[in-house]
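The block underneath contains the structure these notes are about, expressed in structure tokens.
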Amino acid sequence: MFTLSCESTVDLNLHYLNKRQIPAISYCYTVDGKDYPDDMRASNGLALFYNQLGSGKQPTTSLINVERYKEFFRPLLQKGDLLHLAFSSALSNSVVNALKAADELQEEFPQRKIYVVDTTCACVGFGMFVDCLADLRDEGKTIDELHRFALENRTKVHHIFYSTTLTYFRRSGRVSSAAALIGNILRICPVMHTDVNGKIIPIAKSISESKAVSRMLEEIGKSISDGADYCGKLWLGHSDYISSANKIAAQLRTAYPKADIRIFDIGPVIAAHCGPGTVFACYWGDERIPAK
């Protein structure tokens, strides 16, 4: 017996994860010195988060420490082996703590297999990857087969997204203050993707949201597996921007009628860095390219 586990930055809701028997460890965000757990939509926490943003609050996020990972892993290891899928190391160093916790617990559970995988994925791309591994688990694959699949295929999950504001990217240090100011004045909507390591790379600086959407759809067409015949998961995430997510989903359903297209809320940990008005599209394709 083994457990497949993940982290709240998969941006799937807790009910869905429970249904799929995938335990998740939660990140937290902090506002005015108070910590708020990412409860994965188990309550009205996401509405509270966006209310805080709307009132000018500036949330911060932090790593999951070694002791919290050990507290999370220990009861799972008491039941059997463990394959833990971690948030991209390009966006958080939490995976370093997860690996350290696993090493320390290996001494306590020498009979167990303990695997921690840096997925290089984030947001709904992370969730899509975890969900695919759960599919393989339910088909009867062993923990070693899943571990091998995760290592061989993690960089084939593509993340394409755009944002209608650069303010939160400035706060997180991903763009300069001057670039954010000019971008917001000119209403620039940057289109971005992740490279083979999970690092965020800009593709284009579109002058309008409609052009950003067109460029995003163009990029999907270039890299999605099997082109118009794609029949895998094609998942969207949005940060308090359901109207645009719905419009993009409608276009994708026309372009990829066989795809499994779903829409999810981006949770507070990711949204703390991108802000409201961001839409992600995640899907399977060829291996992501290295950064230039």
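Naming scheme: A, B, ... for chains in displayed order of the structure tokens; residues 1 onward per chain; ligands 1 onward as shown.
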
* For Ser62 of chain A, list every protein, DNA or RNA residue within 8 Å, evaluated using only C-alpha atoms, and leave out those in the same chain fewer than 3 positions away; present the list as a ChimeraX atom specification. => /A:27-29

Residues just named, written with C-alpha atoms as a tab-separated table (two decimals), in the first residue's frame:
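The result, written out as again_8.tsv:
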chain	number	residue	atom	x	y	z
A	27	TYR	CA	0.66	26.53	2.64
A	28	CYS	CA	-0.25	29.71	4.51
A	29	TYR	CA	-0.32	33.37	3.64

* **Residues within 9 Å of Ser239 of chain A, only C-alpha atoms, excluding chain neighbours under 5 positions, as number ranges by chain** => A: 264-268, 270-271, 274-280

* Could you please write out, as a PyMOL selection string, every residue of segment 32-278 of chain A that DSSP assigns to strand (DSSP E)? => chain A and resi 34-37+60-61+81-86+114-118+157-163+189-194+200-206+233-238+260-265+278

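Summary of the local environment: counting only C-alpha atoms, residues at most 12 Å from Ser244 of chain A, other than itself and those fewer than 5 positions away along its chain, are Tyr162, Ser163, Thr164, Glu209, Ser210, Ala212, Val213, Leu236, Gly237, His238, Ser239, Ala249, Ala250, Gln251, Ile263, Pro276, Gly277, Thr278, Val279, Phe280 and Ala281 of chain A.
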
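Going from atom CA of Val31 of chain A to atom CA of Thr60 of chain A covers 6.8 Å.
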